[in-house]
file entry-v3.tsv (TSV, C-alpha atoms)
chain	number	residue	atom	x	y	z
A	1470	MET	CA	-21.15	-8.83	-19.25
A	1471	LYS	CA	-21.21	-12.46	-18.16
A	1472	PRO	CA	-19.79	-13.38	-14.76
A	1473	ALA	CA	-16.68	-15.56	-15.00
A	1474	GLN	CA	-16.82	-19.06	-13.49
A	1475	LYS	CA	-13.90	-19.37	-11.12
A	1476	ASN	CA	-11.95	-22.12	-9.40
A	1477	ASP	CA	-9.90	-22.06	-6.24
A	1478	PHE	CA	-6.29	-21.11	-6.85
A	1479	PRO	CA	-3.23	-21.45	-4.56
A	1480	VAL	CA	-2.65	-18.18	-2.69
A	1481	ALA	CA	1.14	-18.66	-2.91
A	1482	ASP	CA	0.88	-18.43	-6.72
A	1483	VAL	CA	-1.04	-15.15	-7.12
A	1484	ARG	CA	2.20	-13.49	-8.32
A	1485	GLN	CA	1.38	-15.03	-11.72
A	1486	TYR	CA	-1.43	-12.48	-12.00
A	1487	LEU	CA	-0.17	-9.57	-9.91
A	1488	GLU	CA	3.55	-9.32	-10.70
A	1489	PRO	CA	3.02	-8.29	-14.36
A	1490	GLY	CA	1.48	-5.08	-12.99
A	1491	PRO	CA	-2.17	-4.93	-14.13
A	1492	VAL	CA	-4.74	-2.39	-12.98
A	1493	LEU	CA	-6.87	-3.94	-10.23
A	1494	LEU	CA	-10.33	-3.19	-8.91
A	1495	VAL	CA	-10.33	-3.12	-5.11
A	1496	THR	CA	-13.61	-3.83	-3.35
A	1497	SER	CA	-14.32	-3.02	0.28
A	1498	ALA	CA	-17.22	-2.99	2.70
A	1499	LEU	CA	-18.07	-1.52	6.08
A	1500	GLY	CA	-21.52	-1.95	7.61
A	1501	ASN	CA	-23.97	-1.06	4.84
A	1502	GLU	CA	-21.35	0.74	2.76
A	1503	ARG	CA	-19.41	-0.82	-0.09
A	1504	ASP	CA	-17.07	0.62	-2.68
A	1505	ILE	CA	-14.84	-0.15	-5.66
A	1506	MET	CA	-11.66	1.68	-6.60
A	1507	THR	CA	-9.02	1.27	-9.31
A	1508	LEU	CA	-5.49	0.44	-8.17
A	1509	GLY	CA	-2.29	0.61	-10.18
A	1510	TRP	CA	0.20	1.03	-7.34
A	1511	HIS	CA	0.73	-2.45	-5.89
A	1512	THR	CA	3.49	-5.03	-5.59
A	1513	VAL	CA	3.90	-8.63	-4.56
A	1514	MET	CA	5.97	-8.80	-1.35
A	1515	GLU	CA	6.11	-12.49	-0.37
A	1516	PHE	CA	4.93	-15.91	-1.54
A	1517	SER	CA	4.02	-17.46	1.81
A	1518	PRO	CA	2.38	-15.80	3.57
A	1519	SER	CA	1.03	-14.41	0.30
A	1520	LEU	CA	1.67	-10.68	0.74
A	1521	VAL	CA	0.74	-7.76	-1.51
A	1522	GLY	CA	1.60	-4.13	-0.80
A	1523	CYS	CA	-0.94	-1.55	-1.98
A	1524	MET	CA	-0.74	2.23	-2.03
A	1525	ILE	CA	-4.30	3.44	-1.39
A	1526	SER	CA	-4.52	7.21	-1.21
A	1527	ALA	CA	-6.35	8.68	1.78
A	1528	GLY	CA	-8.32	10.78	-0.71
A	1529	ASN	CA	-10.26	7.69	-1.77
A	1530	ASN	CA	-13.52	6.77	-0.04
A	1531	SER	CA	-12.23	3.17	-0.13
A	1532	HIS	CA	-9.28	4.09	2.09
A	1533	ARG	CA	-11.63	4.68	5.03
A	1534	LEU	CA	-13.57	1.46	4.47
A	1535	ILE	CA	-10.39	-0.61	4.15
A	1536	LYS	CA	-8.66	1.01	7.10
A	1537	LYS	CA	-11.67	0.45	9.37
A	1538	SER	CA	-12.54	-3.06	8.16
A	1539	SER	CA	-8.91	-4.26	7.69
A	1540	GLU	CA	-10.10	-6.20	4.64
A	1541	CYS	CA	-10.53	-5.91	0.89
A	1542	VAL	CA	-10.69	-7.95	-2.30
A	1543	LEU	CA	-8.25	-7.42	-5.17
A	1544	ASN	CA	-10.20	-8.15	-8.37
A	1545	LEU	CA	-8.42	-8.58	-11.72
A	1546	PRO	CA	-10.37	-7.09	-14.65
A	1547	ALA	CA	-9.61	-7.99	-18.26
A	1548	PHE	CA	-9.75	-5.70	-21.31
A	1549	ALA	CA	-13.53	-5.99	-21.69
A	1550	LEU	CA	-13.84	-3.97	-18.46
A	1551	LEU	CA	-11.51	-1.15	-19.53
A	1552	ASP	CA	-14.19	1.51	-20.00
A	1553	THR	CA	-15.81	0.41	-16.75
A	1554	LEU	CA	-12.62	0.69	-14.75
A	1555	VAL	CA	-11.89	4.12	-16.21
A	1556	ALA	CA	-15.36	5.25	-15.14
A	1557	ILE	CA	-14.87	3.70	-11.69
A	1558	GLY	CA	-11.62	5.63	-11.28
A	1559	ASN	CA	-13.30	8.88	-12.23
A	1560	CYS	CA	-16.08	8.98	-9.67
A	1561	SER	CA	-16.36	8.49	-5.91
A	1562	GLY	CA	-18.12	5.77	-3.97
A	1563	ALA	CA	-19.16	8.50	-1.54
A	1564	ASP	CA	-21.58	9.68	-4.26
A	1565	VAL	CA	-22.72	6.50	-6.03
A	1566	ASP	CA	-23.01	2.75	-5.50
A	1567	LYS	CA	-20.51	1.67	-8.11
A	1568	PHE	CA	-21.88	-1.87	-8.41
A	1569	ALA	CA	-25.30	-0.51	-9.41
A	1570	GLU	CA	-23.91	2.38	-11.45
A	1571	PHE	CA	-21.70	0.14	-13.60
A	1572	SER	CA	-23.84	-3.03	-13.66
A	1573	LEU	CA	-21.29	-5.14	-11.82
A	1574	THR	CA	-22.37	-8.19	-9.84
A	1575	PRO	CA	-21.32	-8.35	-6.18
A	1576	GLN	CA	-20.76	-11.89	-4.92
A	1577	PRO	CA	-20.16	-12.91	-1.31
A	1578	ALA	CA	-16.54	-13.66	-0.51
A	1579	SER	CA	-15.53	-16.63	1.65
A	1580	GLU	CA	-13.12	-15.06	4.10
A	1581	VAL	CA	-13.92	-11.34	4.12
A	1582	LYS	CA	-17.00	-9.13	4.09
A	1583	ALA	CA	-15.92	-7.15	1.01
A	1584	PRO	CA	-17.73	-8.44	-2.11
A	1585	LEU	CA	-16.14	-10.11	-5.12
A	1586	ILE	CA	-16.78	-8.65	-8.58
A	1587	ALA	CA	-18.26	-11.57	-10.51
A	1588	GLU	CA	-17.25	-10.16	-13.92
A	1589	CYS	CA	-13.52	-10.06	-13.04
A	1590	HIS	CA	-11.10	-12.79	-14.15
A	1591	ALA	CA	-9.71	-13.39	-10.67
A	1592	CYS	CA	-10.56	-12.38	-7.10
A	1593	PHE	CA	-8.06	-12.34	-4.26
A	1594	GLU	CA	-9.54	-11.96	-0.77
A	1595	CYS	CA	-7.23	-10.02	1.53
A	1596	ARG	CA	-6.79	-9.25	5.21
A	1597	LEU	CA	-4.59	-6.45	6.50
A	1598	TYR	CA	-1.24	-7.97	7.51
A	1599	ASP	CA	0.84	-4.92	8.43
A	1600	ASP	CA	-0.17	-1.27	8.81
A	1601	THR	CA	3.21	0.22	9.74
A	1602	LEU	CA	3.26	2.49	6.68
A	1603	VAL	CA	-0.45	3.33	6.47
A	1604	ASP	CA	-0.31	6.64	8.34
A	1605	ASN	CA	2.82	7.99	6.64
A	1606	PHE	CA	2.56	6.48	3.16
A	1607	ASN	CA	-1.01	5.13	2.74
A	1608	PHE	CA	0.73	1.80	2.15
A	1609	PHE	CA	-1.20	-1.30	3.23
A	1610	ILE	CA	0.38	-4.75	3.32
A	1611	PHE	CA	-2.33	-7.37	2.77
A	1612	GLU	CA	-2.27	-11.14	3.04
A	1613	VAL	CA	-4.17	-12.96	0.32
A	1614	VAL	CA	-6.22	-15.51	2.27
A	1615	LYS	CA	-8.32	-16.91	-0.56
A	1616	ALA	CA	-7.88	-16.84	-4.34
A	1617	GLN	CA	-10.23	-17.73	-7.16
A	1618	VAL	CA	-9.38	-17.58	-10.85
A	1619	ALA	CA	-11.47	-18.12	-14.00
A	1620	SER	CA	-10.49	-21.26	-15.87
A	1621	SER	CA	-10.81	-19.56	-19.24
A	1622	PRO	CA	-9.20	-17.76	-20.96
A	1623	LYS	CA	-5.83	-19.06	-19.77
A	1624	TYR	CA	-4.19	-15.68	-20.35
A	1625	PRO	CA	-6.69	-12.82	-20.01
A	1626	GLN	CA	-5.71	-9.58	-21.72
A	1627	THR	CA	-4.92	-7.32	-18.79
A	1628	VAL	CA	-4.69	-3.53	-18.78
A	1629	HIS	CA	-1.72	-1.60	-17.37
A	1630	TYR	CA	-1.92	2.12	-16.62
A	1631	CYS	CA	0.74	4.46	-18.02
A	1632	GLY	CA	-0.66	7.78	-16.78
A	1633	ASP	CA	-2.23	10.57	-18.89
A	1634	GLY	CA	-5.28	8.42	-19.63
A	1635	GLU	CA	-3.21	5.87	-21.57
A	1636	PHE	CA	-3.09	2.12	-21.04
A	1637	MET	CA	-0.79	-0.66	-22.22
A	1638	LEU	CA	-2.54	-3.95	-22.95
A	1639	SER	CA	-0.81	-7.22	-22.19
A	1640	GLY	CA	0.79	-8.73	-25.29
A	1641	LYS	CA	2.18	-12.10	-26.18
A	1642	ARG	CA	3.74	-14.54	-23.73
A	1643	VAL	CA	7.18	-16.04	-24.08
A	1644	SER	CA	8.88	-18.74	-22.03
A	1645	ARG	CA	12.50	-18.76	-20.99
A	1646	ARG	CA	11.95	-21.60	-18.54
A	1647	SER	CA	14.81	-23.67	-19.95
A	1648	GLN	CA	17.23	-20.87	-19.05
A	1649	PHE	CA	16.29	-20.83	-15.34
A	1650	ARG	CA	18.11	-22.72	-12.64
A	1651	PRO	CA	15.53	-25.09	-11.07
A	1652	GLU	CA	15.70	-23.33	-7.69
A	1653	MET	CA	14.86	-20.00	-9.35
A	1654	LEU	CA	11.53	-21.25	-10.70
B	1214	MET	CA	23.93	-4.13	-28.35
B	1215	LYS	CA	24.03	-0.40	-28.95
B	1216	PRO	CA	23.76	1.94	-25.96
B	1217	ALA	CA	20.60	4.07	-26.04
B	1218	GLN	CA	20.98	7.86	-26.24
B	1219	LYS	CA	19.00	9.34	-23.39
B	1220	ASN	CA	17.52	12.68	-22.42
B	1221	ASP	CA	16.64	14.09	-19.03
B	1222	PHE	CA	13.09	13.23	-17.96
B	1223	PRO	CA	10.95	14.71	-15.14
B	1224	VAL	CA	11.26	12.56	-12.02
B	1225	ALA	CA	7.59	13.17	-11.16
B	1226	ASP	CA	6.60	11.38	-14.39
B	1227	VAL	CA	8.49	8.10	-14.01
B	1228	ARG	CA	5.18	6.32	-13.28
B	1229	GLN	CA	4.71	6.26	-17.07
B	1230	TYR	CA	7.46	3.63	-17.18
B	1231	LEU	CA	7.17	1.94	-13.79
B	1232	GLU	CA	3.44	1.65	-13.13
B	1233	PRO	CA	2.78	-0.82	-15.99
B	1234	GLY	CA	4.95	-3.28	-14.02
B	1235	PRO	CA	8.02	-4.16	-16.13
B	1236	VAL	CA	10.99	-6.18	-14.95
B	1237	LEU	CA	13.79	-3.80	-13.96
B	1238	LEU	CA	17.55	-4.20	-13.67
B	1239	VAL	CA	18.78	-2.69	-10.41
B	1240	THR	CA	22.42	-1.57	-10.29
B	1241	SER	CA	24.33	-0.86	-7.11
B	1242	ALA	CA	27.89	-0.09	-6.01
B	1243	LEU	CA	29.91	-0.10	-2.79
B	1244	GLY	CA	33.63	0.66	-2.84
B	1245	ASN	CA	35.07	-1.46	-5.63
B	1246	GLU	CA	32.05	-3.77	-5.78
B	1247	ARG	CA	29.18	-3.39	-8.21
B	1248	ASP	CA	26.22	-5.58	-9.04
B	1249	ILE	CA	23.09	-5.95	-11.14
B	1250	MET	CA	19.90	-7.75	-10.14
B	1251	THR	CA	16.50	-8.32	-11.72
B	1252	LEU	CA	13.49	-6.83	-9.93
B	1253	GLY	CA	9.84	-7.57	-10.53
B	1254	TRP	CA	8.45	-6.61	-7.13
B	1255	HIS	CA	8.18	-2.82	-7.14
B	1256	THR	CA	5.49	-0.14	-7.03
B	1257	VAL	CA	5.18	3.58	-7.51
B	1258	MET	CA	4.28	5.23	-4.17
B	1259	GLU	CA	4.20	8.99	-4.80
B	1260	PHE	CA	4.66	11.53	-7.61
B	1261	SER	CA	6.51	14.25	-5.71
B	1262	PRO	CA	8.77	13.34	-4.06
B	1263	SER	CA	9.07	10.63	-6.71
B	1264	LEU	CA	8.88	7.47	-4.59
B	1265	VAL	CA	9.23	3.83	-5.60
B	1266	GLY	CA	8.93	0.88	-3.21
B	1267	CYS	CA	11.11	-2.14	-3.98
B	1268	MET	CA	11.19	-5.58	-2.42
B	1269	ILE	CA	14.84	-6.68	-2.55
B	1270	SER	CA	15.38	-10.04	-0.93
B	1271	ALA	CA	18.19	-10.27	1.61
B	1272	GLY	CA	19.37	-13.35	-0.28
B	1273	ASN	CA	20.63	-11.13	-3.11
B	1274	ASN	CA	24.20	-9.83	-3.08
B	1275	SER	CA	22.70	-6.49	-4.21
B	1276	HIS	CA	20.71	-6.20	-0.97
B	1277	ARG	CA	23.95	-5.69	0.98
B	1278	LEU	CA	25.35	-3.13	-1.46
B	1279	ILE	CA	22.10	-1.17	-1.53
B	1280	LYS	CA	21.56	-1.28	2.22
B	1281	LYS	CA	25.10	-0.06	2.92
B	1282	SER	CA	25.27	2.57	0.16
B	1283	SER	CA	21.61	3.72	0.47
B	1284	GLU	CA	21.57	4.15	-3.31
B	1285	CYS	CA	20.77	2.31	-6.53
B	1286	VAL	CA	19.70	2.83	-10.13
B	1287	LEU	CA	16.49	1.34	-11.55
B	1288	ASN	CA	17.22	0.54	-15.21
B	1289	LEU	CA	14.42	-0.32	-17.64
B	1290	PRO	CA	15.38	-3.02	-20.15
B	1291	ALA	CA	13.42	-3.64	-23.37
B	1292	PHE	CA	12.70	-6.98	-25.04
B	1293	ALA	CA	16.12	-7.15	-26.74
B	1294	LEU	CA	17.63	-7.67	-23.27
B	1295	LEU	CA	15.28	-10.50	-22.24
B	1296	ASP	CA	17.85	-13.31	-22.43
B	1297	THR	CA	20.38	-11.10	-20.67
B	1298	LEU	CA	18.06	-10.30	-17.79
B	1299	VAL	CA	17.14	-13.95	-17.37
B	1300	ALA	CA	20.84	-14.81	-17.14
B	1301	ILE	CA	21.41	-11.94	-14.69
B	1302	GLY	CA	18.63	-13.27	-12.47
B	1303	ASN	CA	20.12	-16.75	-12.48
B	1304	CYS	CA	23.62	-16.00	-11.20
B	1305	SER	CA	25.08	-14.01	-8.29
B	1306	GLY	CA	27.18	-10.88	-8.37
B	1307	ALA	CA	29.14	-12.43	-5.52
B	1308	ASP	CA	30.62	-14.79	-8.13
B	1309	VAL	CA	30.86	-12.73	-11.33
B	1310	ASP	CA	31.03	-9.11	-12.51
B	1311	LYS	CA	27.74	-9.03	-14.35
B	1312	PHE	CA	28.67	-6.04	-16.53
B	1313	ALA	CA	31.65	-7.94	-17.95
B	1314	GLU	CA	29.89	-11.30	-18.03
B	1315	PHE	CA	26.94	-9.99	-20.03
B	1316	SER	CA	28.69	-7.29	-22.12
B	1317	LEU	CA	26.75	-4.43	-20.56
B	1318	THR	CA	28.20	-0.92	-20.51
B	1319	PRO	CA	28.41	0.81	-17.12
B	1320	GLN	CA	28.02	4.58	-17.32
B	1321	PRO	CA	28.58	7.03	-14.46
B	1322	ALA	CA	25.38	8.31	-12.89
B	1323	SER	CA	24.92	11.98	-11.96
B	1324	GLU	CA	23.58	11.75	-8.43
B	1325	VAL	CA	24.61	8.32	-7.14
B	1326	LYS	CA	27.67	6.07	-7.28
B	1327	ALA	CA	25.80	3.09	-8.72
B	1328	PRO	CA	26.35	2.84	-12.49
B	1329	LEU	CA	23.73	3.22	-15.22
B	1330	ILE	CA	23.31	0.43	-17.76
B	1331	ALA	CA	23.85	2.16	-21.10
B	1332	GLU	CA	21.87	-0.45	-23.07
B	1333	CYS	CA	18.66	0.11	-21.07
B	1334	HIS	CA	15.82	2.30	-22.33
B	1335	ALA	CA	15.62	4.40	-19.16
B	1336	CYS	CA	17.67	4.89	-16.01
B	1337	PHE	CA	16.27	6.20	-12.73
B	1338	GLU	CA	18.84	7.17	-10.11
B	1339	CYS	CA	17.56	6.54	-6.59
B	1340	ARG	CA	18.43	7.38	-3.00
B	1341	LEU	CA	16.98	5.54	-0.02
B	1342	TYR	CA	14.06	7.59	1.30
B	1343	ASP	CA	12.63	5.35	4.03
B	1344	ASP	CA	13.96	2.13	5.53
B	1345	THR	CA	11.19	1.41	8.04
B	1346	LEU	CA	10.30	-1.92	6.40
B	1347	VAL	CA	13.78	-3.04	5.35
B	1348	ASP	CA	14.51	-5.25	8.35
B	1349	ASN	CA	11.11	-6.96	8.51
B	1350	PHE	CA	10.09	-7.05	4.83
B	1351	ASN	CA	13.21	-6.27	2.74
B	1352	PHE	CA	11.14	-3.37	1.44
B	1353	PHE	CA	13.08	-0.24	0.44
B	1354	ILE	CA	11.38	3.06	-0.39
B	1355	PHE	CA	13.56	5.00	-2.83
B	1356	GLU	CA	13.31	8.56	-4.13
B	1357	VAL	CA	14.07	8.93	-7.82
B	1358	VAL	CA	16.45	11.91	-7.89
B	1359	LYS	CA	17.41	11.88	-11.57
B	1360	ALA	CA	15.74	10.28	-14.60
B	1361	GLN	CA	16.96	9.75	-18.14
B	1362	VAL	CA	14.93	8.15	-20.94
B	1363	ALA	CA	15.82	7.18	-24.52
B	1364	SER	CA	14.05	9.35	-27.09
B	1365	SER	CA	13.38	6.36	-29.34
B	1366	PRO	CA	11.42	4.15	-29.53
B	1367	LYS	CA	8.55	6.09	-27.96
B	1368	TYR	CA	7.07	2.89	-26.50
B	1369	PRO	CA	9.74	0.25	-25.86
B	1370	GLN	CA	8.50	-3.32	-25.65
B	1371	THR	CA	8.88	-4.12	-21.97
B	1372	VAL	CA	8.94	-7.54	-20.32
B	1373	HIS	CA	6.76	-8.49	-17.35
B	1374	TYR	CA	7.47	-11.56	-15.25
B	1375	CYS	CA	4.68	-14.08	-14.60
B	1376	GLY	CA	6.65	-16.70	-12.63
B	1377	ASP	CA	7.65	-20.19	-13.79
B	1378	GLY	CA	10.11	-18.78	-16.33
B	1379	GLU	CA	7.34	-17.11	-18.33
B	1380	PHE	CA	7.09	-13.49	-19.39
B	1381	MET	CA	4.36	-11.28	-20.79
B	1382	LEU	CA	5.51	-8.71	-23.34
B	1383	SER	CA	3.90	-5.30	-23.47
B	1384	GLY	CA	1.26	-5.10	-26.18
B	1385	LYS	CA	-0.60	-2.29	-27.86
B	1386	ARG	CA	-1.43	1.04	-26.28
B	1387	VAL	CA	-4.90	2.52	-26.07
B	1388	SER	CA	-6.02	5.93	-24.86
B	1389	ARG	CA	-9.10	6.64	-22.79
B	1390	ARG	CA	-7.97	10.20	-22.06
B	1391	SER	CA	-11.27	11.70	-23.17
B	1392	GLN	CA	-13.06	9.72	-20.44
B	1393	PHE	CA	-10.94	11.13	-17.60
B	1394	ARG	CA	-11.90	14.10	-15.48
B	1395	PRO	CA	-9.11	16.69	-15.97
B	1396	GLU	CA	-8.02	16.50	-12.33
B	1397	MET	CA	-7.55	12.74	-12.64
B	1398	LEU	CA	-4.94	13.05	-15.41
call {"tool": "encode", "arguments": {"input": "entry-v3.tsv", "output": "structure tokens"}}
result
Amino acid sequence: MKPAQKNDFPVADVRQYLEPGPVLLVTSALGNERDIMTLGWHTVMEFSPSLVGCMISAGNNSHRLIKKSSECVLNLPAFALLDTLVAIGNCSGADVDKFAEFSLTPQPASEVKAPLIAECHACFECRLYDDTLVDNFNFFIFEVVKAQVASSPKYPQTVHYCGDGEFMLSGKRVSRRSQFRPEML
Amino acid sequence: MKPAQKNDFPVADVRQYLEPGPVLLVTSALGNERDIMTLGWHTVMEFSPSLVGCMISAGNNSHRLIKKSSECVLNLPAFALLDTLVAIGNCSGADVDKFAEFSLTPQPASEVKAPLIAECHACFECRLYDDTLVDNFNFFIFEVVKAQVASSPKYPQTVHYCGDGEFMLSGKRVSRRSQFRPEML
């Protein structure tokens, strides 16, 4: 699969990609180790600073790398990567190098040591912002410190997990902009 | 709009409806006050207990009702309610009774005092489970204590907010169940 050419994107606007609820691929690194995991349990928490809350189970190899490095990248895959992300979610980075195993291209990030996934539509580099709920809930609050988004397609078809091995694909877009008060936009 | 007939649903399975990331309508009550707000910033956090984290800005009238009552209902609207939910998100319950204003039918819940919205596809009754991040992040962790879901349609068309007055509608469903390890389902 061809890597997507990406442009810088305002970190305060990443809700456009994250709020609809797509499955993400989280990359992390620690020393010579690196890993990728699938993530469906995340939420936007603030525009500026650009905060995202992520529930990363302690059972994942990535949990250890992220907790120790205090960094990660949230990568947004489109439909073409569906089979890849299912496979990524069904094996452990403790056993395989997922970049090599699934022919994904690691690219250096600007602000963190975790690699970007070149084939993803967007990459959001994150630093740990608050760890209050990590021990009790495995809930990390990250600040997006750098965002890059592919210029095309404008609206990638994202995948949304419904449990039981089933996914919902993003459908058509509709605007109700004229019905919003200006201060709500 | 016709109220949806609903059946009891296992609280441990609500991720099927919440994880894909739809806009929700949150109902709350305190004494004689009641309110409805739109919510796009939420995430599943655990299966059992059934936990959902919600970012409810202190600027919303609902924040006060929910903080004081420690309860709410997460209602799942389908596409037919899109214009209604936009209107709900663009006015304040401090000024109007949103049930009356938008011709929505309040129904008594089983486990909480906040009302259900009869016209929604699913209603998840919630009690506050953890308030550690409420003061600093407006982040409430709720336990879903009772769930009811309409039997039809099987897959309601949900709406997902993208910012700027634009929404993504849920599209087709695909299964990759055969590619999951049994313990991952």
call {"tool": "interface_residues", "arguments": {"input": "entry-v3.tsv", "of": "chain B", "to": "chain A", "cutoff": "7 Å", "atoms": "all atoms listed in the file", "output": "VMD selection string"}}
result
chain B and resid 1228 to 1230 1232 to 1235 1253 to 1258 1268 1303 1373 to 1390 1393 to 1394 1397 to 1398
call {"tool": "write_last_selection", "arguments": {"input": "entry-v3.tsv", "atoms": "C-alpha atoms", "output": "PDB file, in the frame of the given file"}}
result
ATOM      1  CA  ARG B1228       5.180   6.320 -13.280  1.00  0.00           C
ATOM      2  CA  GLN B1229       4.710   6.260 -17.070  1.00  0.00           C
ATOM      3  CA  TYR B1230       7.460   3.630 -17.180  1.00  0.00           C
ATOM      4  CA  GLU B1232       3.440   1.650 -13.130  1.00  0.00           C
ATOM      5  CA  PRO B1233       2.780  -0.820 -15.990  1.00  0.00           C
ATOM      6  CA  GLY B1234       4.950  -3.280 -14.020  1.00  0.00           C
ATOM      7  CA  PRO B1235       8.020  -4.160 -16.130  1.00  0.00           C
ATOM      8  CA  GLY B1253       9.840  -7.570 -10.530  1.00  0.00           C
ATOM      9  CA  TRP B1254       8.450  -6.610  -7.130  1.00  0.00           C
ATOM     10  CA  HIS B1255       8.180  -2.820  -7.140  1.00  0.00           C
ATOM     11  CA  THR B1256       5.490  -0.140  -7.030  1.00  0.00           C
ATOM     12  CA  VAL B1257       5.180   3.580  -7.510  1.00  0.00           C
ATOM     13  CA  MET B1258       4.280   5.230  -4.170  1.00  0.00           C
ATOM     14  CA  MET B1268      11.190  -5.580  -2.420  1.00  0.00           C
ATOM     15  CA  ASN B1303      20.120 -16.750 -12.480  1.00  0.00           C
ATOM     16  CA  HIS B1373       6.760  -8.490 -17.350  1.00  0.00           C
ATOM     17  CA  TYR B1374       7.470 -11.560 -15.250  1.00  0.00           C
ATOM     18  CA  CYS B1375       4.680 -14.080 -14.600  1.00  0.00           C
ATOM     19  CA  GLY B1376       6.650 -16.700 -12.630  1.00  0.00           C
ATOM     20  CA  ASP B1377       7.650 -20.190 -13.790  1.00  0.00           C
ATOM     21  CA  GLY B1378      10.110 -18.780 -16.330  1.00  0.00           C
ATOM     22  CA  GLU B1379       7.340 -17.110 -18.330  1.00  0.00           C
ATOM     23  CA  PHE B1380       7.090 -13.490 -19.390  1.00  0.00           C
ATOM     24  CA  MET B1381       4.360 -11.280 -20.790  1.00  0.00           C
ATOM     25  CA  LEU B1382       5.510  -8.710 -23.340  1.00  0.00           C
ATOM     26  CA  SER B1383       3.900  -5.300 -23.470  1.00  0.00           C
ATOM     27  CA  GLY B1384       1.260  -5.100 -26.180  1.00  0.00           C
ATOM     28  CA  LYS B1385      -0.600  -2.290 -27.860  1.00  0.00           C
ATOM     29  CA  ARG B1386      -1.430   1.040 -26.280  1.00  0.00           C
ATOM     30  CA  VAL B1387      -4.900   2.520 -26.070  1.00  0.00           C
ATOM     31  CA  SER B1388      -6.020   5.930 -24.860  1.00  0.00           C
ATOM     32  CA  ARG B1389      -9.100   6.640 -22.790  1.00  0.00           C
ATOM     33  CA  ARG B1390      -7.970  10.200 -22.060  1.00  0.00           C
ATOM     34  CA  PHE B1393     -10.940  11.130 -17.600  1.00  0.00           C
ATOM     35  CA  ARG B1394     -11.900  14.100 -15.480  1.00  0.00           C
ATOM     36  CA  MET B1397      -7.550  12.740 -12.640  1.00  0.00           C
ATOM     37  CA  LEU B1398      -4.940  13.050 -15.410  1.00  0.00           C
TER      38      LEU B1398
END
call {"tool": "axis_aligned_box", "arguments": {"input": "entry-v3.tsv", "around": "region 1540-1547 of chain A", "padding_each_side": "3 Å", "output": "AutoDock Vina command-line options"}}
result
--center_x -9.5 --center_y -7.2 --center_z -6.8 --size_x 8.4 --size_y 8.7 --size_z 28.9
call {"tool": "residues_near_point", "arguments": {"input": "entry-v3.tsv", "point": "(-14.5, 6.9, 0.2)", "cutoff": "10 Å", "atoms": "all atoms listed in the file", "output": "VMD selection string"}}
result
chain A and resid 1497 1502 to 1506 1527 to 1535 1561 to 1564
call {"tool": "atom_distance", "arguments": {"input": "entry-v3.tsv", "atom1": "CA of Pro1290 (chain B)", "atom2": "CA of Ser1261 (chain B)"}}
result
24.2 Å
call {"tool": "residues_around", "arguments": {"input": "entry-v3.tsv", "residues": "region 1318-1323 of chain B", "least_positions_apart": "2", "cutoff": "10 Å", "atoms": "all atoms listed in the file", "output": "list in words"}}
result
Met1214, Lys1215, Pro1216, Thr1240, Arg1247, Cys1285, Val1286, Phe1312, Ala1313, Phe1315, Ser1316, Val1325, Lys1326, Ala1327, Pro1328, Leu1329, Ile1330, Ala1331, Glu1332, Cys1333, Cys1336, Phe1337, Glu1338, Val1358, Lys1359 and Ala1360 of chain B
call {"tool": "closest_residue", "arguments": {"input": "entry-v3.tsv", "among": "A:Val1618, A:Ala1498, A:Ile1610, A:Leu1550", "to": "Lys1537 (chain A)", "atoms": "all atoms listed in the file"}}
result
A:Ala1498
call {"tool": "atom_distance", "arguments": {"input": "entry-v3.tsv", "atom1": "CA of Pro1479 (chain A)", "atom2": "CA of Glu1540 (chain A)"}}
result
19.1 Å
call {"tool": "atom_distance", "arguments": {"input": "entry-v3.tsv", "atom1": "CA of Leu1493 (chain A)", "atom2": "CA of Leu1554 (chain A)"}}
result
8.7 Å
call {"tool": "closest_residue", "arguments": {"input": "entry-v3.tsv", "among": "B:Asn1349, B:Ser1364, B:Leu1252, B:Ala1225", "to": "Leu1264 (chain B)", "atoms": "only C-alpha atoms"}}
result
B:Ala1225
call {"tool": "closest_residue", "arguments": {"input": "entry-v3.tsv", "among": "B:Thr1297, B:Asp1221, B:Ala1335, B:Lys1280", "to": "Asp1348 (chain B)", "atoms": "all atoms listed in the file"}}
result
B:Lys1280
call {"tool": "residues_around", "arguments": {"input": "entry-v3.tsv", "residues": "Ala1619 (chain A)", "least_positions_apart": "3", "cutoff": "8 Å", "atoms": "all atoms listed in the file", "output": "VMD selection string"}}
result
chain A and resid 1473 to 1476 1590 to 1591 1622
call {"tool": "decode", "arguments": {"input": "entry-v3.tsv", "residues": "region 1336-1340 of chain B", "atoms": "N, CA and C atoms", "output": "short mmCIF file (atom, residue, chain, number, x, y, z; two decimals), in the first residue's frame"}}
result
data_model
loop_
_atom_site.label_atom_id
_atom_site.label_comp_id
_atom_site.auth_asym_id
_atom_site.auth_seq_id
_atom_site.Cartn_x
_atom_site.Cartn_y
_atom_site.Cartn_z
N CYS B 1336 -31.49 3.44 25.35
CA CYS B 1336 -31.35 4.28 26.54
C CYS B 1336 -30.52 3.52 27.57
N PHE B 1337 -29.46 4.17 28.04
CA PHE B 1337 -28.55 3.56 29.00
C PHE B 1337 -28.57 4.38 30.29
N GLU B 1338 -29.15 3.81 31.33
CA GLU B 1338 -29.24 4.52 32.61
C GLU B 1338 -27.91 4.42 33.34
N CYS B 1339 -27.43 5.55 33.84
CA CYS B 1339 -26.08 5.63 34.40
C CYS B 1339 -26.05 6.24 35.80
N ARG B 1340 -25.15 5.69 36.61
CA ARG B 1340 -24.82 6.30 37.91
C ARG B 1340 -23.35 6.68 37.91
#
